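S.K.: Provided herewith is a single structure, encoded as structure tokens, for subsequent inquiry.
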Amino acid sequence: MQKIYLDHSATTPLDSQVLKKMQPYLTDIFGNASSVHSFGQGAMKGVDWAREQLSQLFGCKFKEIIFTSGATESNNLVLQGLLAAFRKNNEQSAAAKAAADKGKFHIITSQIEHPAILEPCQELVKQGLAEVTYVGVNKLGLVNLPEIKKAIKANTILVSIMYVNNEVGTIQPIKEIGRMIEKVNKERSKKYETENKKFGVFDRVYFHIDAVQAVNYCEMRADFLKADLMTISGHKIYGPKGVGALYIRENTPLKSVTFGGHQEYNVRPGTYNVAGIVGLGAAVELVNNQSPITNDQILKLRNKLIACLKKKIPNIQLNGDLENRVPSNANISFKNAEGESMLLMLDLEDIAVSTGSACASGSLEPSHVLRAMGIPADICHASLRFTLGKGTTKKEIDKVIEILPKIVARLRQMSPLKK
């Protein structure tokens, strides 16, 4: 039997239509897109075409799209670049005046973010450049809107919240968060008017959405979400690895943190990865033209997987909100069955799943996401993440439903925790 891949949140296979679109840029159209001659301009046409696909996705201006090497770089650019812009313009910034009193600027994020947000935040704190508030989540993995609002202070410059959690698939109330921040900024603006001051770009709280896991399933129009910055990655949406994009709303102050060229409106220097960028554009084009039927099919298979495993295996629990969740994700804990062992035994049966974020695989620490949801450490260690894709079939799900109960039973029989 063919191998079964249920780890689409880690990465997705390259779509054949995406590969077809990329191929000319790997062979014939090889020019440097920054060159003015015909070879360069031929390559730049591909970059421009891809940028147009992304501008349709975000419902934004052509120049509000920046290409990067992926979501990790984009997230770092948001955190470091916004902070650098505020520090450079501190005389214009009300937040900077407040920061001078506090000693640093303030960032708000959640406890369940991807390491590509959490670790840069930790580094900024370590360097003494920022203070960070990590808002909690409820038992379903959803952030609390009033807690975010309460955390906003005079020196707050950024709220960064992921759209869809990569481990449990919960969809955060992004639209509501965006509108709350918009209201905060309007209140600040009115206060400035009464004080006869001009409300400028350095007096706002900016809103960043890590939308890496959301693109295939959620509303992405930046204006609708009230987003100032949004991150996506090619390899999560059937595109190539090593390429991503960052939406930056016009007039959002973001300073380059790398130097050596003038590409991407002086925000992200470096030679264009033309084939990768075209591949990202092609993947986004597929999303723009995607039929809702595809996600309905994924949802039916995911729900069948959950229902049948619950029926066949006692003492299991679904982690996260079943309703506010992308259709591809099922994160399930199997009491008294170690997650890593289940993963390896499934792999021997040619079934690929994960125990959580691929970026944290191999760690002996329990999932920070599940722990933030209040799940005990032993249950965290007994969890598996199944993430389906558009190529997942009923036959594959039936095979998992057949094999996994036997694996769990075997592990529980060996477990020192069994009663």
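By convention in this document, the chains of the structure tokens carry letters A, B, ... by their order, each chain's residues are numbered from 1, and ligands are numbered from 1 in the order they are shown.
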Just want the 7 Å neighbourhood of Asn329 of chain A, counted on only C-alpha atoms, with same-chain residues fewer than 4 positions away dropped. Output as a PDB file with C-alpha atoms, in the first residue's frame.

M.R.:
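Everything below was put into selection-v2.pdb:
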ATOM      1  CA  VAL A 168      -4.522  22.102  17.714  1.00  0.00           C
ATOM      2  CA  GLY A 169      -5.955  23.944  14.704  1.00  0.00           C
ATOM      3  CA  PHE A 386      -3.290  14.348  12.436  1.00  0.00           C
ATOM      4  CA  THR A 387      -3.492  16.950   9.672  1.00  0.00           C
ATOM      5  CA  LEU A 388      -5.233  16.006   6.460  1.00  0.00           C
TER       6      LEU A 388
END

S.K.: Please identify all polymer residues within 10 Å of segment 121-127 of chain A, counting only C-alpha atoms, omitting same-chain residues fewer than 3 positions from it, and present them as a PyMOL selection string.

M.R.: chain A and resi 76+79-80+83+104-109+115-118+130-134

S.K.: Kindly save the residues from that selection, with N, CA and C atoms included, as a tab-separated table (two decimals), in the first residue's frame.

M.R.:
chain	number	residue	atom	x	y	z
A	76	ASN	N	10.29	37.44	12.21
A	76	ASN	CA	11.42	38.17	12.79
A	76	ASN	C	11.47	39.60	12.26
A	79	LEU	N	8.83	41.73	14.12
A	79	LEU	CA	9.18	42.06	15.51
A	79	LEU	C	10.38	43.00	15.58
A	80	GLN	N	11.44	42.66	14.86
A	80	GLN	CA	12.65	43.47	14.93
A	80	GLN	C	12.53	44.75	14.11
A	83	LEU	N	10.18	47.37	15.83
A	83	LEU	CA	10.88	47.90	16.99
A	83	LEU	C	12.00	48.85	16.56
A	104	LYS	N	11.53	50.44	27.94
A	104	LYS	CA	11.49	49.66	26.70
A	104	LYS	C	10.08	49.69	26.10
A	105	PHE	N	9.99	49.26	24.82
A	105	PHE	CA	8.70	49.16	24.16
A	105	PHE	C	7.99	47.86	24.59
A	106	HIS	N	6.69	47.82	24.32
A	106	HIS	CA	5.87	46.71	24.80
A	106	HIS	C	5.21	45.97	23.63
A	107	ILE	N	5.30	44.65	23.66
A	107	ILE	CA	4.70	43.77	22.65
A	107	ILE	C	3.75	42.80	23.36
A	108	ILE	N	2.61	42.54	22.73
A	108	ILE	CA	1.65	41.56	23.26
A	108	ILE	C	1.54	40.40	22.29
A	109	THR	N	1.64	39.19	22.81
A	109	THR	CA	1.42	38.00	22.00
A	109	THR	C	0.75	36.95	22.88
A	115	PRO	N	7.14	28.95	17.66
A	115	PRO	CA	8.47	29.41	18.09
A	115	PRO	C	9.03	30.56	17.26
A	116	ALA	N	8.57	30.71	16.01
A	116	ALA	CA	9.04	31.81	15.16
A	116	ALA	C	8.58	33.17	15.67
A	117	ILE	N	7.64	33.20	16.60
A	117	ILE	CA	7.25	34.43	17.31
A	117	ILE	C	7.82	34.41	18.72
A	118	LEU	N	7.65	33.31	19.42
A	118	LEU	CA	8.04	33.25	20.83
A	118	LEU	C	9.54	33.46	21.03
A	130	ALA	N	12.76	45.17	24.64
A	130	ALA	CA	11.30	45.14	24.70
A	130	ALA	C	10.85	44.39	25.94
A	131	GLU	N	9.63	44.69	26.35
A	131	GLU	CA	8.96	43.85	27.34
A	131	GLU	C	7.80	43.18	26.61
A	132	VAL	N	7.50	41.95	26.98
A	132	VAL	CA	6.49	41.17	26.27
A	132	VAL	C	5.46	40.63	27.26
A	133	THR	N	4.19	40.79	26.92
A	133	THR	CA	3.10	40.18	27.68
A	133	THR	C	2.57	39.00	26.88
A	134	TYR	N	2.50	37.84	27.52
A	134	TYR	CA	1.99	36.63	26.88
A	134	TYR	C	0.60	36.34	27.44

S.K.: For Asn288 of chain A, work out the shell of residues within 9 Å, counting only C-alpha atoms and skipping chain neighbours fewer than 4 positions away, then give it as a ChimeraX atom specification.

M.R.: /A:53,56-57,283-284

S.K.: Got time to write the residues from that selection, C-alpha atoms, as a PDB file, in the first residue's frame?

M.R.:
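As written to disk, out.pdb reads:
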ATOM      1  CA  GLN A  53      -1.667  36.843  -6.915  1.00  0.00           C
ATOM      2  CA  GLN A  56      -5.621  39.431  -4.640  1.00  0.00           C
ATOM      3  CA  LEU A  57      -5.373  37.098  -1.641  1.00  0.00           C
ATOM      4  CA  ALA A 283       0.075  28.177  -4.880  1.00  0.00           C
ATOM      5  CA  VAL A 284      -1.809  31.337  -3.901  1.00  0.00           C
TER       6      VAL A 284
END

S.K.: Can you pull out the residues contacting Gly59 of chain A? Cut-off 8 Å, using only C-alpha atoms, and skip same-chain residues under 3 positions away; I want them as a compact mmCIF listing (two decimals) with N, CA and C atoms, in the first residue's frame.

M.R.:
# COMPACT_ATOMS: atom_id res chain seq x y z
N SER A 55 -1.58 39.99 -3.85
CA SER A 55 -2.39 41.19 -3.61
C SER A 55 -3.87 40.86 -3.71
N GLN A 56 -4.23 39.89 -4.57
CA GLN A 56 -5.62 39.43 -4.64
C GLN A 56 -6.01 38.68 -3.37
N MET A 220 -8.84 36.05 4.27
CA MET A 220 -7.49 36.60 4.30
C MET A 220 -7.42 38.08 3.93
N ARG A 221 -8.54 38.72 3.67
CA ARG A 221 -8.50 40.13 3.28
C ARG A 221 -8.05 40.99 4.46
N ALA A 222 -6.97 41.69 4.28
CA ALA A 222 -6.36 42.45 5.38
C ALA A 222 -7.28 43.53 5.92
N ASP A 223 -7.98 44.24 5.06
CA ASP A 223 -8.88 45.30 5.52
C ASP A 223 -10.00 44.73 6.37

S.K.: Counting only C-alpha atoms, which residues of segment 208-274 of chain A sit at most 7 Å from some atom of segment 174-196 of chain A, and what is each one's closest atom pair with its distance in Å to one decimal, listed by chain and rising residue number, as a Markdown table?

M.R.:
| residue | atom | partner | partner_atom | distance |
| --- | --- | --- | --- | --- |
| A:Leu225 | CA | A:Lys175 | CA | 4.7 |
| A:Lys226 | CA | A:Gly178 | CA | 4.8 |
| A:Ala227 | CA | A:Gly178 | CA | 6.3 |

S.K.: Give the answer as one residue: which of A:Val18, A:Leu404, A:Ala71, A:Ile171 has the shortest atom-to-atom distance to Arg325 of chain A, using only C-alpha atoms?

M.R.: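 For Arg325 of chain A, the nearest of the given residues is A:Ile171.
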
S.K.: A:Asp228, A:Glu340, A:Asp321, A:Asp15: which is nearest Thr355 of chain A, counting only C-alpha atoms?

M.R.: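 Closest to Thr355 of chain A of all the choices is A:Glu340.
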
S.K.: Please produce, as a Markdown table, a per-residue contact table for segment 8-113 of chain A versus segment 243-256 of chain A (criterion: any atom at most 7 Å away, only C-alpha atoms considered), showing the nearest atom pair and its distance in Å to one decimal, sorted by chain then residue number.

M.R.:
| residue | atom | partner | partner_atom | distance |
| --- | --- | --- | --- | --- |
| A:Glu64 | CA | A:Ile248 | CA | 5.1 |
| A:Ile65 | CA | A:Tyr247 | CA | 4.8 |
| A:Ile66 | CA | A:Leu246 | CA | 5.1 |
| A:Phe67 | CA | A:Ala245 | CA | 4.4 |
| A:Thr68 | CA | A:Gly244 | CA | 5.0 |
| A:Ser69 | CA | A:Val243 | CA | 4.1 |
| A:Gly70 | CA | A:Gly244 | CA | 3.8 |
| A:Ala71 | CA | A:Gly244 | CA | 5.7 |
| A:Ser74 | CA | A:Leu246 | CA | 5.9 |
| A:Gly81 | CA | A:Lys255 | CA | 4.6 |
| A:Leu82 | CA | A:Leu254 | CA | 4.7 |
| A:Ala84 | CA | A:Lys255 | CA | 6.0 |
| A:Ala85 | CA | A:Lys255 | CA | 5.1 |

S.K.: Please provide as number ranges by chain all residues within 12 Å of Gly391 of chain A, with the sequence filter that same-chain residues fewer than 2 positions apart are discarded (counting only C-alpha atoms).

M.R.: A: 4-8, 12-15, 238, 294-295, 297-298, 301, 328, 387-389, 393-397

S.K.: Which residue, A:Leu140, A:Leu322, A:Leu129, A:Ala43, has the smallest gap to Met373 of chain A when you use only C-alpha atoms?

M.R.: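 The shortest atom-to-atom distance to Met373 of chain A comes from A:Leu140.
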
S.K.: Quick check, in Å to one decimal: how far apart do atom CA of Arg385 of chain A and atom CA of Asn216 of chain A lie?

M.R.: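 A separation of 18.1 Å between them.
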
S.K.: So which one's closest to Pro416 of chain A, A:Asp398, A:Glu338, A:Glu365, A:Glu349? Using only C-alpha atoms, please.

M.R.: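 Under the stated criterion, the closest residue is A:Glu338.
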
S.K.: By how many Å are atom CA of Gly136 of chain A and atom CA of Glu73 of chain A apart?

M.R.: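 One can read the atom CA of Gly136 of chain A to atom CA of Glu73 of chain A distance as 24.9 Å.
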
S.K.: Could you pull out the residues in segment 212-372 of chain A that DSSP calls alpha helix (DSSP H) from the backbone, as number ranges by chain?

M.R.: A: 222-225, 274-288, 292-312, 339-348, 368-372

S.K.: Write the residues of the selection above to a file with C-alpha atoms, as a PDB file, in the first residue's frame.

M.R.:
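Here's the written file out32.pdb:
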ATOM      1  CA  ALA A 222      -6.357  42.450   5.376  1.00  0.00           C
ATOM      2  CA  ASP A 223      -8.879  45.299   5.519  1.00  0.00           C
ATOM      3  CA  PHE A 224     -11.626  42.962   6.724  1.00  0.00           C
ATOM      4  CA  LEU A 225      -9.336  41.637   9.469  1.00  0.00           C
ATOM      5  CA  VAL A 274      12.411  33.943  -8.704  1.00  0.00           C
ATOM      6  CA  ALA A 275      11.383  30.293  -9.108  1.00  0.00           C
ATOM      7  CA  GLY A 276      10.344  30.111  -5.455  1.00  0.00           C
ATOM      8  CA  ILE A 277       8.405  33.372  -5.653  1.00  0.00           C
ATOM      9  CA  VAL A 278       6.605  32.207  -8.803  1.00  0.00           C
ATOM     10  CA  GLY A 279       5.827  28.931  -7.008  1.00  0.00           C
ATOM     11  CA  LEU A 280       4.347  30.832  -4.073  1.00  0.00           C
ATOM     12  CA  GLY A 281       2.294  32.900  -6.495  1.00  0.00           C
ATOM     13  CA  ALA A 282       1.044  29.746  -8.220  1.00  0.00           C
ATOM     14  CA  ALA A 283       0.075  28.177  -4.880  1.00  0.00           C
ATOM     15  CA  VAL A 284      -1.809  31.337  -3.901  1.00  0.00           C
ATOM     16  CA  GLU A 285      -3.524  31.383  -7.297  1.00  0.00           C
ATOM     17  CA  LEU A 286      -4.851  27.893  -6.514  1.00  0.00           C
ATOM     18  CA  VAL A 287      -6.136  29.174  -3.156  1.00  0.00           C
ATOM     19  CA  ASN A 288      -7.801  32.151  -4.841  1.00  0.00           C
ATOM     20  CA  PRO A 292     -15.306  25.068  -1.024  1.00  0.00           C
ATOM     21  CA  ILE A 293     -15.980  21.407  -1.865  1.00  0.00           C
ATOM     22  CA  THR A 294     -12.313  20.591  -1.218  1.00  0.00           C
ATOM     23  CA  ASN A 295     -12.498  21.741   2.403  1.00  0.00           C
ATOM     24  CA  ASP A 296     -15.873  20.025   2.878  1.00  0.00           C
ATOM     25  CA  GLN A 297     -14.296  16.732   1.819  1.00  0.00           C
ATOM     26  CA  ILE A 298     -11.385  17.219   4.220  1.00  0.00           C
ATOM     27  CA  LEU A 299     -13.823  18.049   7.042  1.00  0.00           C
ATOM     28  CA  LYS A 300     -15.872  14.877   6.469  1.00  0.00           C
ATOM     29  CA  LEU A 301     -12.774  12.693   6.549  1.00  0.00           C
ATOM     30  CA  ARG A 302     -11.399  14.472   9.635  1.00  0.00           C
ATOM     31  CA  ASN A 303     -14.701  14.066  11.500  1.00  0.00           C
ATOM     32  CA  LYS A 304     -14.842  10.394  10.531  1.00  0.00           C
ATOM     33  CA  LEU A 305     -11.330   9.890  11.900  1.00  0.00           C
ATOM     34  CA  ILE A 306     -12.240  11.502  15.234  1.00  0.00           C
ATOM     35  CA  ALA A 307     -15.574   9.692  15.604  1.00  0.00           C
ATOM     36  CA  CYS A 308     -14.217   6.248  14.725  1.00  0.00           C
ATOM     37  CA  LEU A 309     -11.147   6.532  16.947  1.00  0.00           C
ATOM     38  CA  LYS A 310     -13.355   7.623  19.860  1.00  0.00           C
ATOM     39  CA  LYS A 311     -15.572   4.616  19.232  1.00  0.00           C
ATOM     40  CA  LYS A 312     -12.729   2.100  18.938  1.00  0.00           C
ATOM     41  CA  GLY A 339       2.984   9.878  21.714  1.00  0.00           C
ATOM     42  CA  GLU A 340       6.488   9.344  20.351  1.00  0.00           C
ATOM     43  CA  SER A 341       6.024   5.574  20.476  1.00  0.00           C
ATOM     44  CA  MET A 342       2.694   5.802  18.649  1.00  0.00           C
ATOM     45  CA  LEU A 343       4.296   8.009  16.006  1.00  0.00           C
ATOM     46  CA  LEU A 344       7.173   5.578  15.404  1.00  0.00           C
ATOM     47  CA  MET A 345       4.902   2.540  15.278  1.00  0.00           C
ATOM     48  CA  LEU A 346       2.598   4.279  12.811  1.00  0.00           C
ATOM     49  CA  ASP A 347       5.642   5.198  10.737  1.00  0.00           C
ATOM     50  CA  LEU A 348       6.567   1.506  10.559  1.00  0.00           C
ATOM     51  CA  HIS A 368       3.707  24.441  25.259  1.00  0.00           C
ATOM     52  CA  VAL A 369       0.369  24.796  23.468  1.00  0.00           C
ATOM     53  CA  LEU A 370      -1.321  21.935  25.303  1.00  0.00           C
ATOM     54  CA  ARG A 371       0.209  23.023  28.620  1.00  0.00           C
ATOM     55  CA  ALA A 372      -1.148  26.557  28.110  1.00  0.00           C
TER      56      ALA A 372
END

S.K.: Could you tell me which of A:Cys380, A:Gly239, A:Arg204, A:Ile351 comes closest to Leu19 of chain A if we count only C-alpha atoms?

M.R.: A:Gly239

S.K.: So what do you get for atom CA of Val205 of chain A versus atom CA of Asn266 of chain A, distance-wise?

M.R.: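 Distance between the two atoms: 23.1 Å.
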
S.K.: Could you give me, as a list in words, the residues within 10 Å of Pro269 of chain A, counting only C-alpha atoms and dropping anything in the same chain fewer than 2 positions from it?

M.R.: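 Answer for this query is Phe67, Thr68, Ser256, Val257, Thr258, Phe259, Gly260, Gly261, His262, Gln263, Glu264, Tyr265, Asn266, Val267, Thr271 and Tyr272 of chain A.
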
S.K.: Produce a file of the selected residues containing N, CA and C atoms, as a short mmCIF file (atom, residue, chain, number, x, y, z; two decimals), in the first residue's frame.

M.R.:
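Contents of again.cif, as written:
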data_model
loop_
_atom_site.label_atom_id
_atom_site.label_comp_id
_atom_site.auth_asym_id
_atom_site.auth_seq_id
_atom_site.Cartn_x
_atom_site.Cartn_y
_atom_site.Cartn_z
N PHE A 67 8.36 39.77 -0.41
CA PHE A 67 8.74 38.36 -0.45
C PHE A 67 9.93 38.11 0.48
N THR A 68 9.89 36.98 1.18
CA THR A 68 10.94 36.60 2.12
C THR A 68 11.30 35.13 1.89
N SER A 256 14.27 47.86 7.71
CA SER A 256 15.02 46.66 7.35
C SER A 256 16.00 46.30 8.47
N VAL A 257 16.14 45.01 8.72
CA VAL A 257 17.10 44.56 9.74
C VAL A 257 18.26 43.78 9.10
N THR A 258 18.24 43.68 7.75
CA THR A 258 19.37 43.14 7.00
C THR A 258 19.73 44.14 5.91
N PHE A 259 20.99 44.11 5.48
CA PHE A 259 21.47 45.15 4.57
C PHE A 259 22.32 44.53 3.46
N GLY A 260 22.34 45.21 2.31
CA GLY A 260 23.13 44.71 1.20
C GLY A 260 22.43 44.77 -0.14
N GLY A 261 21.34 45.48 -0.21
CA GLY A 261 20.61 45.61 -1.47
C GLY A 261 19.37 46.45 -1.28
N HIS A 262 18.70 46.75 -2.39
CA HIS A 262 17.52 47.62 -2.34
C HIS A 262 16.25 46.89 -2.79
N GLN A 263 16.29 45.57 -2.81
CA GLN A 263 15.12 44.83 -3.26
C GLN A 263 13.97 44.97 -2.26
N GLU A 264 12.78 44.65 -2.74
CA GLU A 264 11.57 44.64 -1.91
C GLU A 264 11.39 45.95 -1.14
N TYR A 265 11.43 47.03 -1.90
CA TYR A 265 11.16 48.38 -1.37
C TYR A 265 12.07 48.72 -0.20
N ASN A 266 13.31 48.23 -0.27
CA ASN A 266 14.34 48.49 0.75
C ASN A 266 14.03 47.86 2.11
N VAL A 267 13.07 46.97 2.15
CA VAL A 267 12.72 46.32 3.41
C VAL A 267 13.42 44.97 3.56
N THR A 271 19.10 38.88 -3.52
CA THR A 271 18.70 38.45 -4.86
C THR A 271 17.37 37.70 -4.81
N TYR A 272 16.51 38.02 -5.76
CA TYR A 272 15.19 37.39 -5.81
C TYR A 272 15.28 35.89 -6.06
#

S.K.: From the options A:Val36, A:Val326, A:Ile332, A:Leu77, which residue's atoms come nearest to His381 of chain A, counting only C-alpha atoms?

M.R.: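 Of A:Val36, A:Val326, A:Ile332, A:Leu77, the one nearest His381 of chain A is A:Ile332, counting only C-alpha atoms.
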
S.K.: Residues within 7 Å of Tyr206 of chain A, please, as a PyMOL selection string. Count only C-alpha atoms; anything in the same chain fewer than 4 positions from it doesn't count.

M.R.: chain A and resi 157-159+228
